[in-house]
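These notes are about the structure you will find just below.
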2 protein chains.
Amino acid sequence: MIKTSSIKKVRDLISEQKKNTKSVGLVPTMGAFHEGHESLIKKARKENDYVVVSIFVNPAQFAPNEDYNLYPRDIKSDLLKAENNGADLVFMPNDKVIYPEDYSTYVTVEELTDKLEGKSRPSHFRGVTTIVTKLLNIVTPDNAYFGQKDAQQLAVVKRMVKDLNMPVKIVGCPIIRNQSGIALSSRHHYLNRTQMKTAVGIYESLKEGVKMIKSGTSDFGAVKERILDVLQNFGIKRIDYVEFNKWESLEPLRKPEGKVLISLAVRIGNTRLLDNVILDSPRL
Amino acid sequence: MIKTSSIKKVRDLISEQKKNTKSVGLVPTMGAFHEGHESLIKKARKENDYVVVSIFVNPAQFAPNEDYNLYPRDIKSDLLKAENNGADLVFMPNDKVIYPEDYSTYVTVEELTDKLEGKSRPSHFRGVTTIVTKLLNIVTPDNAYFGQKDAQQLAVVKRMVKDLNMPVKIVGCPIIRNQSGIALSSRHHYLNRTQMKTAVGIYESLKEGVKMIKSGTSDFGAVKERILDVLQNFGIKRIDYVEFNKWESLEPLRKPEGKVLISLAVRIGNTRLLDNVILDSPRL
């Protein structure tokens, strides 16, 4: 496995692969790998001749009051995991190379980014779409892998790629959960043992919601009440949102229609946690 | 020469070229070709194995009060000129293919786009950078050709490509002028014979400015006065701006420093016309 912080080195290595008509897969990450990241690298390994993992904690997607400085970094462990899961190249650029002093170009997806996460984090997705564009332009992969854990991010990136005619396929990958059902997140580094027990309530509440919908409840207002009840029962009181949206357009839904994304964001201690499920509306 | 409105057809033809390691040049245009456009196609022909010309009058770069509907279109003549100058492929997409109904992604270059043209045309450059991104992603050229006539556009596109790490070289090409020195423009279609005579004053004024700077005048305030005088003498009274900026950063300049862009926009009748010169500051 090769590691580099040089854009030129990446371009040279990739153009060598392309010359030999090898397919290239990119897994863009902010490091602090858990099994979720590992599953993306594994999938990229299966589906491509050459696998690039990028590690870059992207300042542009954090607001000034957010956890950019605290965000967990463990490059040694990340490199080991990347290698063990079959990465060929790890690209770890510096801030100054990605955002030089006169940097001034941004990619924005409108509408899709106003709701859910975008409501609490107004400039977040502009940072995401801009860095993803840059990484796609540097690596020029055939396939790029994103976790469904950040469902809105996945929908936004897919829309961007479609709108801008980017020559890449975006591959969404399922959420990886621990034995208690908690969706793995790098931000679990911030939680203590009690808080992790509380976090179990998040997926429990979503499962209750899914159960109601599958058993025929067609009023999402009622489903939301039930989800909020379960969260409360687990001691989760600070709830940013619980929402029902059409997947992948993110249109708000009041009742089952096509594929439904149930997503939520809550706070446990100072940590903001996300989770979601995507389910087919039951036939009535 | 092949003509198509299909993105897929373009991709297929280009991937065939790339398989044979052929270089690809793109000349993005809004049609209504004059010798300026032809010079871009000729240059692309010289420097690439395969030359793509795109023709698309991009609604996103016109404000509602501007001349999108009136903008001259002459596809028959354009195709002839493209072929005569050596184009291999003309891509003429439809509006609906470029901007489908749920379209919502935009590329923005900040700061550089606030001044000069951007002041009079606030959303213009967002339209330009967005369509150029799309065309670059569809055609994936090695080189893309832009005229210096739209100097700010050239600077903005170069900045975008640098900031977003787009894998393409942007080639700026000199302004082509008619025998009277008028910078060729598709918008000359709007002018009558008397107005064309008036338009001669534009380049005459710029030449006066250049002469003053070359002969040692270091106060751009005085140079601007002289340019305005010449314009007035030719009967050009509606002047959007006459400005002095550093090339390519577009920083405003009060005195000579490195490469200087002198640019102006004026109105003759209802037609807005641009011109500019780029000159090296004289050694003092």
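Chain labels run A, B, ... following the order of the structure tokens; each chain numbers its residues from 1, and ligands are numbered from 1 in the order shown.
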Apply DSSP to the structure's backbone, then extract all residues of region 38-138 of chain B labelled strand (DSSP E or B) and return them as a JSON list (two decimals) with C-alpha atoms, in the first residue's frame.
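Written out: out_11.json:
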```
[["chain", "number", "residue", "atom", "x", "y", "z"],
["B", 50, "TYR", "CA", -9.61, 15.25, -31.41],
["B", 51, "VAL", "CA", -11.51, 18.54, -31.34],
["B", 52, "VAL", "CA", -14.95, 18.97, -29.76],
["B", 53, "VAL", "CA", -16.95, 22.17, -30.21],
["B", 54, "SER", "CA", -19.99, 22.63, -27.98],
["B", 55, "ILE", "CA", -22.79, 24.99, -28.95],
["B", 89, "LEU", "CA", -17.45, 16.62, -33.12],
["B", 90, "VAL", "CA", -20.07, 19.29, -32.46],
["B", 91, "PHE", "CA", -22.09, 18.81, -29.27],
["B", 105, "THR", "CA", -26.38, 22.24, -8.37],
["B", 106, "TYR", "CA", -24.21, 25.29, -8.95],
["B", 107, "VAL", "CA", -20.50, 26.05, -8.98],
["B", 108, "THR", "CA", -19.54, 29.46, -7.64],
["B", 109, "VAL", "CA", -16.26, 31.34, -7.62]]
```
Residue list for chain A near chain B as a count of residues only, 10 Å, only C-alpha atoms: 45
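Among the candidate residues A:Gly36, A:Pro64, A:Gly181, A:Pro252, the one lying nearest to Pro122 (chain A) is A:Pro64, with distances computed using only C-alpha atoms.
Interatomic distance, CA of Phe244 (chain A) against CA of Val260 (chain A): 6.6 Å.
Nearest to Phe56 (chain A) of all the residues A:Asp74, A:Asp12, A:Asp95, A:Glu38 is A:Asp95, based on only C-alpha atoms.
Taking CA of Ile176 (chain B) as the reference point, CA of Thr194 (chain B) is found at 21.1 Å.
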Distance query Ser123 (chain A) at most 10 Å, only C-alpha atoms, self and fewer than 2 positions along chain excluded, as a PyMOL selection string: chain A and resi 60-63+108+113-114+118-121+125-128
Keeping C-alpha atoms, export the residues of the selection given above as an mmCIF file, in the first residue's frame.
```cif
data_model
loop_
_atom_site.group_PDB
_atom_site.id
_atom_site.type_symbol
_atom_site.label_atom_id
_atom_site.label_comp_id
_atom_site.auth_asym_id
_atom_site.auth_seq_id
_atom_site.Cartn_x
_atom_site.Cartn_y
_atom_site.Cartn_z
ATOM 1 C CA ALA A 60 -15.037 23.436 5.186
ATOM 2 C CA GLN A 61 -17.782 21.114 6.423
ATOM 3 C CA PHE A 62 -17.512 22.141 10.082
ATOM 4 C CA ALA A 63 -19.068 25.358 11.398
ATOM 5 C CA THR A 108 -23.612 23.968 -3.854
ATOM 6 C CA THR A 113 -29.523 20.749 1.568
ATOM 7 C CA ASP A 114 -31.994 23.097 3.295
ATOM 8 C CA GLY A 118 -28.785 21.338 6.562
ATOM 9 C CA LYS A 119 -31.174 23.135 8.931
ATOM 10 C CA SER A 120 -28.831 22.720 11.915
ATOM 11 C CA ARG A 121 -25.639 22.954 9.844
ATOM 12 C CA PHE A 125 -23.125 20.421 2.739
ATOM 13 C CA ARG A 126 -21.367 23.133 0.743
ATOM 14 C CA GLY A 127 -18.203 21.907 2.431
ATOM 15 C CA VAL A 128 -19.051 18.282 1.646
#
```
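Coordinates place CA of Arg267 (chain B) at a distance of 14.7 Å from CA of Asn233 (chain B).
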Per-residue DSSP, region 46-105 of chain A, filtered to helix (DSSP H, G or I), as a PyMOL selection string: chain A and resi 46-47+59-61+75-84+95-98
All residues 12 Å or closer to Gln179 (chain B), only C-alpha atoms, same chain fewer than 6 positions away omitted, as JSON, numbers by chain: {"B": [196, 197, 200, 203]}
Now that the selection is made, can you save its residues with N, CA and C atoms as a compact mmCIF listing (two decimals), in the first residue's frame?
```txt
# COMPACT_ATOMS: atom_id res chain seq x y z
N MET B 196 -21.71 50.69 -35.37
CA MET B 196 -20.41 50.02 -35.55
C MET B 196 -19.29 51.06 -35.67
N LYS B 197 -19.61 52.19 -36.31
CA LYS B 197 -18.60 53.26 -36.40
C LYS B 197 -18.29 53.83 -35.02
N VAL B 200 -15.85 51.83 -32.81
CA VAL B 200 -14.41 51.97 -33.05
C VAL B 200 -13.73 52.68 -31.87
N TYR B 203 -11.80 50.50 -28.75
CA TYR B 203 -10.40 50.06 -28.78
C TYR B 203 -9.46 51.26 -28.90
```
